[in-house]
file protein_35.txt (compact mmCIF, C-alpha atoms and all ligand atoms)
# COMPACT_ATOMS: atom_id res chain seq x y z
CA MET A 26 86.44 119.97 110.11
CA SER A 27 90.03 120.98 110.49
CA MET A 28 91.66 119.57 113.61
CA VAL A 29 94.84 121.53 113.20
CA SER A 30 95.84 124.18 110.75
CA VAL A 31 99.46 125.07 110.06
CA ARG A 32 100.03 128.44 108.39
CA GLY A 33 103.35 129.81 107.21
CA VAL A 34 105.28 127.89 109.85
CA THR A 35 109.07 128.20 109.73
CA LYS A 36 111.78 126.86 112.00
CA CYS A 37 115.25 128.21 112.31
CA PHE A 38 117.73 126.44 114.61
CA PRO A 39 120.67 128.40 115.99
CA THR A 40 123.96 126.53 115.62
CA ALA A 41 127.58 127.19 116.65
CA THR A 42 128.36 128.80 113.30
CA GLY A 43 125.06 130.52 112.45
CA PHE A 44 121.68 128.93 111.91
CA VAL A 45 119.90 126.13 110.06
CA ASN A 46 116.64 126.78 108.27
CA ALA A 47 114.78 123.53 108.89
CA LEU A 48 111.33 124.59 107.65
CA SER A 49 110.47 127.16 105.00
CA PRO A 50 106.89 128.31 105.31
CA VAL A 51 104.79 125.18 105.72
CA ASP A 52 101.02 125.23 105.20
CA LEU A 53 98.97 122.17 106.07
CA ASP A 54 95.50 121.32 107.32
CA ILE A 55 94.69 118.07 109.04
CA ASP A 56 91.10 116.99 109.47
CA ALA A 57 89.69 115.18 112.48
CA GLY A 58 89.82 111.43 111.95
CA GLU A 59 92.18 111.63 109.00
CA PHE A 60 95.20 109.40 108.41
CA VAL A 61 97.94 111.57 106.93
CA SER A 62 101.48 110.48 106.08
CA ILE A 63 104.41 112.79 105.60
CA ILE A 64 107.32 111.74 103.41
CA GLY A 65 110.35 113.67 102.25
CA PRO A 66 114.12 113.42 101.93
CA SER A 67 116.20 112.94 105.06
CA GLY A 68 116.77 116.22 106.89
CA CYS A 69 113.84 118.06 105.26
CA GLY A 70 112.21 118.84 108.60
CA LYS A 71 109.64 116.06 109.03
CA SER A 72 110.55 115.37 112.66
CA THR A 73 110.78 119.10 113.34
CA LEU A 74 107.26 119.63 112.00
CA LEU A 75 105.91 116.74 114.08
CA ARG A 76 107.66 118.00 117.23
CA ILE A 77 106.23 121.48 116.63
CA LEU A 78 102.74 119.96 116.29
CA ALA A 79 103.30 118.09 119.57
CA GLY A 80 104.48 121.25 121.33
CA LEU A 81 107.91 119.67 121.94
CA GLU A 82 109.49 122.44 119.86
CA GLN A 83 108.62 126.10 119.27
CA HIS A 84 108.19 127.33 115.69
CA THR A 85 110.04 130.49 114.67
CA THR A 86 107.29 132.23 112.69
CA GLY A 87 103.80 131.37 111.50
CA GLU A 88 100.73 130.07 113.21
CA ILE A 89 99.32 126.77 114.40
CA SER A 90 95.64 126.75 115.29
CA TRP A 91 93.77 123.87 116.79
CA GLY A 92 90.03 123.34 116.26
CA SER A 93 87.90 124.34 119.23
CA GLN A 94 87.53 120.88 120.74
CA HIS A 95 91.12 119.99 120.17
CA GLY A 96 94.33 120.94 121.88
CA ARG A 97 97.88 119.90 122.18
CA ASP A 98 97.23 118.50 125.63
CA LYS A 99 95.58 115.73 123.68
CA VAL A 100 98.56 114.66 121.58
CA GLY A 101 100.10 111.18 121.64
CA PHE A 102 103.62 110.74 120.30
CA VAL A 103 105.35 107.56 119.13
CA PHE A 104 109.10 107.72 118.45
CA GLN A 105 111.20 105.54 116.17
CA GLU A 106 112.75 103.81 119.18
CA PRO A 107 110.14 102.86 121.77
CA VAL A 108 111.02 104.63 125.00
CA LEU A 109 109.90 102.23 127.73
CA LEU A 110 110.93 101.89 131.36
CA PRO A 111 113.04 98.70 131.27
CA TRP A 112 112.28 97.64 134.85
CA LYS A 113 108.52 97.82 134.40
CA SER A 114 106.31 95.25 132.66
CA ALA A 115 104.33 96.10 129.53
CA LEU A 116 101.23 96.66 131.65
CA ALA A 117 103.13 98.68 134.29
CA ASN A 118 104.58 100.94 131.59
CA ILE A 119 101.06 101.79 130.47
CA CYS A 120 99.70 102.13 134.02
CA PHE A 121 102.58 104.53 134.78
CA ALA A 122 101.41 106.76 131.92
CA LEU A 123 97.78 106.50 133.06
CA GLU A 124 98.74 107.59 136.59
CA ALA A 125 99.90 110.93 135.20
CA PHE A 126 96.24 111.47 134.30
CA GLY A 127 95.00 110.44 137.72
CA ILE A 128 93.95 106.94 136.67
CA LYS A 129 95.25 104.56 139.35
CA GLY A 130 94.86 101.09 140.84
CA GLU A 131 92.26 98.74 139.42
CA ALA A 132 90.97 101.36 136.96
CA ALA A 133 94.48 101.73 135.51
CA ASN A 134 94.91 97.95 135.31
CA THR A 135 91.62 97.52 133.48
CA GLU A 136 92.34 100.34 131.04
CA GLY A 137 95.94 99.11 130.57
CA ARG A 138 94.73 95.62 129.71
CA ARG A 139 92.16 97.00 127.29
CA LEU A 140 94.91 98.94 125.48
CA LEU A 141 97.24 95.92 125.41
CA LYS A 142 94.42 93.91 123.86
CA LEU A 143 93.92 96.63 121.25
CA VAL A 144 97.56 96.25 120.16
CA GLY A 145 97.40 92.43 120.35
CA LEU A 146 99.55 92.04 123.45
CA ASP A 147 97.06 90.87 126.06
CA GLN A 148 99.14 87.73 126.61
CA PHE A 149 102.25 89.77 127.39
CA ALA A 150 101.03 92.12 130.11
CA ASP A 151 103.65 90.90 132.60
CA ALA A 152 106.61 90.73 130.20
CA LEU A 153 109.50 93.15 130.61
CA PRO A 154 110.57 95.19 127.56
CA SER A 155 113.73 93.06 127.31
CA GLN A 156 111.55 89.97 126.91
CA LEU A 157 109.66 91.48 123.96
CA SER A 158 110.65 91.74 120.29
CA GLY A 159 111.18 95.15 118.66
CA GLY A 160 107.73 95.01 117.08
CA MET A 161 106.11 94.13 120.40
CA ARG A 162 107.93 96.94 122.19
CA GLN A 163 106.69 99.37 119.56
CA ARG A 164 103.16 98.07 120.13
CA VAL A 165 103.54 98.79 123.86
CA ALA A 166 104.69 102.31 122.94
CA ILE A 167 101.58 102.74 120.76
CA ALA A 168 99.34 101.46 123.57
CA ARG A 169 101.03 103.91 125.94
CA ALA A 170 100.56 106.81 123.53
CA LEU A 171 96.88 105.83 123.29
CA SER A 172 96.57 105.77 127.09
CA TYR A 173 96.41 109.57 127.07
CA ASP A 174 93.29 109.13 124.93
CA PRO A 175 94.79 111.64 122.50
CA GLN A 176 92.68 113.04 119.71
CA ILE A 177 95.73 112.98 117.49
CA LEU A 178 98.53 110.44 117.33
CA LEU A 179 101.85 111.70 115.94
CA MET A 180 104.22 108.94 114.85
CA ASP A 181 107.82 109.57 113.79
CA GLU A 182 109.04 106.63 111.68
CA PRO A 183 107.65 104.20 114.27
CA PHE A 184 108.32 101.08 112.21
CA GLY A 185 111.58 102.17 110.58
CA ALA A 186 113.75 99.88 112.68
CA LEU A 187 111.66 96.75 112.11
CA ASP A 188 112.01 93.97 109.55
CA LEU A 189 109.61 94.07 106.60
CA LEU A 190 107.28 91.27 107.70
CA THR A 191 106.84 92.77 111.16
CA ARG A 192 106.34 96.16 109.60
CA ASP A 193 103.58 94.86 107.29
CA LYS A 194 101.87 93.24 110.24
CA LEU A 195 102.05 96.41 112.34
CA ASN A 196 100.77 98.44 109.39
CA ASP A 197 97.63 96.29 109.34
CA GLU A 198 97.29 96.57 113.10
CA LEU A 199 97.67 100.33 112.96
CA ALA A 200 94.99 100.58 110.25
CA ASP A 201 92.77 98.47 112.50
CA ILE A 202 93.43 100.62 115.59
CA TRP A 203 92.74 103.73 113.54
CA ALA A 204 89.43 102.28 112.29
CA LYS A 205 88.40 101.18 115.80
CA THR A 206 89.35 104.36 117.65
CA GLY A 207 88.65 107.07 115.10
CA LYS A 208 91.87 108.87 116.07
CA THR A 209 93.57 111.34 113.79
CA ILE A 210 96.98 109.95 112.82
CA VAL A 211 99.97 111.78 111.36
CA LEU A 212 102.69 109.33 110.35
CA VAL A 213 106.19 110.30 109.23
CA THR A 214 107.73 107.51 107.20
CA HIS A 215 110.36 106.97 104.57
CA SER A 216 108.53 103.99 103.15
CA VAL A 217 106.41 105.04 100.16
CA GLU A 218 104.58 101.72 100.40
CA GLU A 219 103.65 102.32 104.03
CA ALA A 220 102.44 105.82 103.18
CA ALA A 221 100.43 104.61 100.18
CA TYR A 222 98.92 101.68 102.06
CA LEU A 223 97.79 103.48 105.20
CA SER A 224 96.89 107.04 104.33
CA ASP A 225 93.93 109.12 103.29
CA ARG A 226 96.46 111.70 102.10
CA VAL A 227 100.21 111.67 101.57
CA VAL A 228 102.09 114.94 102.06
CA VAL A 229 105.40 115.14 100.19
CA MET A 230 107.97 117.60 101.53
CA SER A 231 110.85 119.04 99.55
CA ALA A 232 114.50 118.96 100.61
CA ARG A 233 115.60 121.32 103.41
CA PRO A 234 114.36 123.85 104.15
CA GLY A 235 111.19 121.79 103.92
CA VAL A 236 108.01 123.01 102.29
CA VAL A 237 104.94 121.02 101.28
CA LYS A 238 105.69 120.08 97.71
CA ARG A 239 102.63 117.99 96.85
CA ILE A 240 99.64 116.36 98.50
CA TYR A 241 98.09 113.15 97.17
CA ILE A 242 94.53 112.12 98.00
CA LEU A 243 94.34 108.33 97.98
CA PRO A 244 91.31 106.62 96.44
CA PHE A 245 91.87 103.07 97.69
CA GLU A 246 88.92 101.46 99.47
CA ARG A 247 89.12 100.39 103.08
CA PRO A 248 89.79 98.06 104.68
CA ARG A 249 92.93 97.68 102.60
CA SER A 250 94.71 94.38 102.16
CA GLU A 251 97.47 92.69 100.20
CA ALA A 252 95.13 92.97 97.18
CA THR A 253 95.36 96.77 97.45
CA LYS A 254 99.12 96.53 96.95
CA LEU A 255 98.54 94.69 93.67
CA LEU A 256 96.36 97.41 92.11
CA PRO A 257 97.91 99.20 89.12
CA GLU A 258 96.87 102.54 90.69
CA PHE A 259 98.77 101.60 93.82
CA HIS A 260 101.92 100.97 91.78
CA ARG A 261 101.47 104.19 89.85
CA LEU A 262 101.15 106.11 93.12
CA MET A 263 104.32 104.52 94.54
CA ALA A 264 106.19 105.38 91.34
CA ASP A 265 104.96 109.00 91.56
CA LEU A 266 105.98 109.24 95.22
CA ARG A 267 109.44 107.84 94.45
CA GLN A 268 109.81 110.34 91.64
CA ASP A 269 108.82 113.19 94.01
CA LEU A 270 111.50 112.12 96.46
CA LYS A 271 114.26 112.40 93.89
N1 LIG A 301 117.92 120.82 117.70
C1 LIG A 301 118.48 121.10 116.51
N2 LIG A 301 119.50 121.98 116.39
C2 LIG A 301 120.04 122.30 115.19
N3 LIG A 301 119.62 121.76 114.02
C3 LIG A 301 118.62 120.87 114.07
C4 LIG A 301 117.99 120.48 115.30
N4 LIG A 301 117.02 119.58 115.02
C5 LIG A 301 117.04 119.41 113.69
N5 LIG A 301 118.00 120.18 113.11
C6 LIG A 301 118.28 120.28 111.68
O1 LIG A 301 117.08 120.61 111.01
C7 LIG A 301 116.97 119.89 109.79
C8 LIG A 301 115.70 119.07 109.79
O2 LIG A 301 115.82 118.02 110.74
P1 LIG A 301 114.69 116.93 110.97
O3 LIG A 301 113.40 117.59 111.27
O4 LIG A 301 115.20 115.98 111.97
O5 LIG A 301 114.60 116.23 109.52
P2 LIG A 301 113.92 114.85 109.07
O6 LIG A 301 113.12 114.33 110.22
O7 LIG A 301 113.08 115.20 107.88
O8 LIG A 301 115.03 113.92 108.68
C9 LIG A 301 118.24 119.05 109.67
O9 LIG A 301 119.15 119.72 108.87
C10 LIG A 301 118.72 118.95 111.10
O10 LIG A 301 120.11 118.81 111.13
MG MG A 302 113.25 112.58 111.32

call {"tool": "encode", "arguments": {"input": "protein_35.txt", "output": "structure tokens"}}
result
Amino acid sequence: MSMVSVRGVTKCFPTATGFVNALSPVDLDIDAGEFVSIIGPSGCGKSTLLRILAGLEQHTTGEISWGSQHGRDKVGFVFQEPVLLPWKSALANICFALEAFGIKGEAANTEGRRLLKLVGLDQFADALPSQLSGGMRQRVAIARALSYDPQILLMDEPFGALDLLTRDKLNDELADIWAKTGKTIVLVTHSVEEAAYLSDRVVVMSARPGVVKRIYILPFERPRSEATKLLPEFHRLMADLRQDLK
């Protein structure tokens, strides 16, 4: 069943000298429970598309329809740089988000600790963001996005600023979280390996104004592991994706 359906969506930004066409008509369907990655050259409108899906930005023309049980009130968003309150602990950052949904006190603490455990940070509940590594801060941001119990998690290059080892580790954790929670995930990335490793489908966008150029359906079994990355099909896919990006 389609969770969200994007039809003929365009985005035109007014600028000082005229306007920028960020998205040419984009058509895309995302199914409930799917893991979809979006790749494309810099400036092709990936972030714009994600922000439109989140309701953070209005599209210019076209239509976005959500399945009956789904809505944009149930969207979690993870940015490239984790946006945390620096004076609040990891747990307090999550409890603060839960409070917005009326979950307070002991109930918030319990739920916050459950989410920290899910992202492997149960030992760091009381740490301040400044006491955590970049990867750990991003995990807090993921836990916070999950605190809204969103049906869909939109992630805009969440691991782009991390070193490769940390990124690989977080990729495995994200796959695990996805398997455990059954969330729908849309991940924007510029790593073809990350896209190939995590996704059910990879959407390739063309240069600005972005359109959907190609969609790959990935056959690799789950759970995936380092062995997946050694498969000849995996290497062929990465080569195809790199070619598409040229
Ligand atoms: N608020 C804005 N005002 C004007 N132009 C914008 C704005 N946001 C994005 N753009 C332009 O739209 C295009 C697509 O941007 P973006 O979605 O950030 O691309 P990507 O995430 O794929 O790198 C770029 O040319 C960018 O400069
Ligand atoms: Mg972007």

call {"tool": "residues_near_ligand", "arguments": {"input": "protein_35.txt", "ligand": "ligand MG 302 (chain A)", "cutoff": "9 Å", "atoms": "all atoms listed in the file", "output": "PyMOL selection string"}}
result
chain A and resi 67-73+75+105+181-182+213-214

call {"tool": "residues_around", "arguments": {"input": "protein_35.txt", "residues": "stretch 199-207 of chain A", "least_positions_apart": "3", "cutoff": "12 Å", "atoms": "only C-alpha atoms", "output": "ChimeraX atom specification"}}
result
/A:56-61,140-145,163-164,167-168,171-172,174-178,180,183-184,192-196,210-212,219-220,222-225,247-250

call {"tool": "axis_aligned_box", "arguments": {"input": "protein_35.txt", "around": "ligand LIG 301 (chain A)", "padding_each_side": "6 Å", "output": "AutoDock Vina command-line options"}}
result
--center_x 116.6 --center_y 118.1 --center_z 112.8 --size_x 19.0 --size_y 20.4 --size_z 21.8

call {"tool": "residues_near_point", "arguments": {"input": "protein_35.txt", "point": "(104.3, 120.0, 106.3)", "cutoff": "6 Å", "atoms": "all atoms listed in the file", "output": "PyMOL selection string"}}
result
chain A and resi 51+53+237

call {"tool": "residues_around", "arguments": {"input": "protein_35.txt", "residues": "A:Gly87", "least_positions_apart": "4", "cutoff": "9 Å", "atoms": "all atoms listed in the file", "output": "ChimeraX atom specification"}}
result
/A:31-35,50-51

call {"tool": "atom_distance", "arguments": {"input": "protein_35.txt", "atom1": "atom CA of A:Met26", "atom2": "atom CA of A:Ile242"}}
result
16.5 Å

call {"tool": "atom_distance", "arguments": {"input": "protein_35.txt", "atom1": "atom CA of A:Ala252", "atom2": "atom CA of A:Arg226"}}
result
19.4 Å

call {"tool": "closest_residue", "arguments": {"input": "protein_35.txt", "among": "A:Ala115, A:Val29, A:Val100, A:Val165", "to": "A:Leu81", "atoms": "all atoms listed in the file"}}
result
A:Val100

call {"tool": "residues_around", "arguments": {"input": "protein_35.txt", "residues": "A:Leu187", "least_positions_apart": "4", "cutoff": "8 Å", "atoms": "only C-alpha atoms", "output": "list of chain:residue names"}}
result
A:Gly159, A:Gly160, A:Thr191, A:Arg192

call {"tool": "closest_residue", "arguments": {"input": "protein_35.txt", "among": "A:Pro154, A:Pro234, A:Gly137, A:Gly101", "to": "ligand LIG 301 (chain A)", "atoms": "all atoms listed in the file"}}
result
A:Pro234

call {"tool": "atom_distance", "arguments": {"input": "protein_35.txt", "atom1": "atom CA of A:Leu179", "atom2": "atom CA of A:Ser27"}}
result
16.0 Å

call {"tool": "closest_residue", "arguments": {"input": "protein_35.txt", "among": "A:Gly185, A:Gly92, A:Pro107, A:Gly235", "to": "ligand LIG 301 (chain A)", "atoms": "only C-alpha atoms and all ligand atoms"}}
result
A:Gly235

call {"tool": "closest_residue", "arguments": {"input": "protein_35.txt", "among": "A:Pro111, A:Pro257, A:Pro244, A:Pro39", "to": "ligand LIG 301 (chain A)", "atoms": "only C-alpha atoms and all ligand atoms"}}
result
A:Pro39
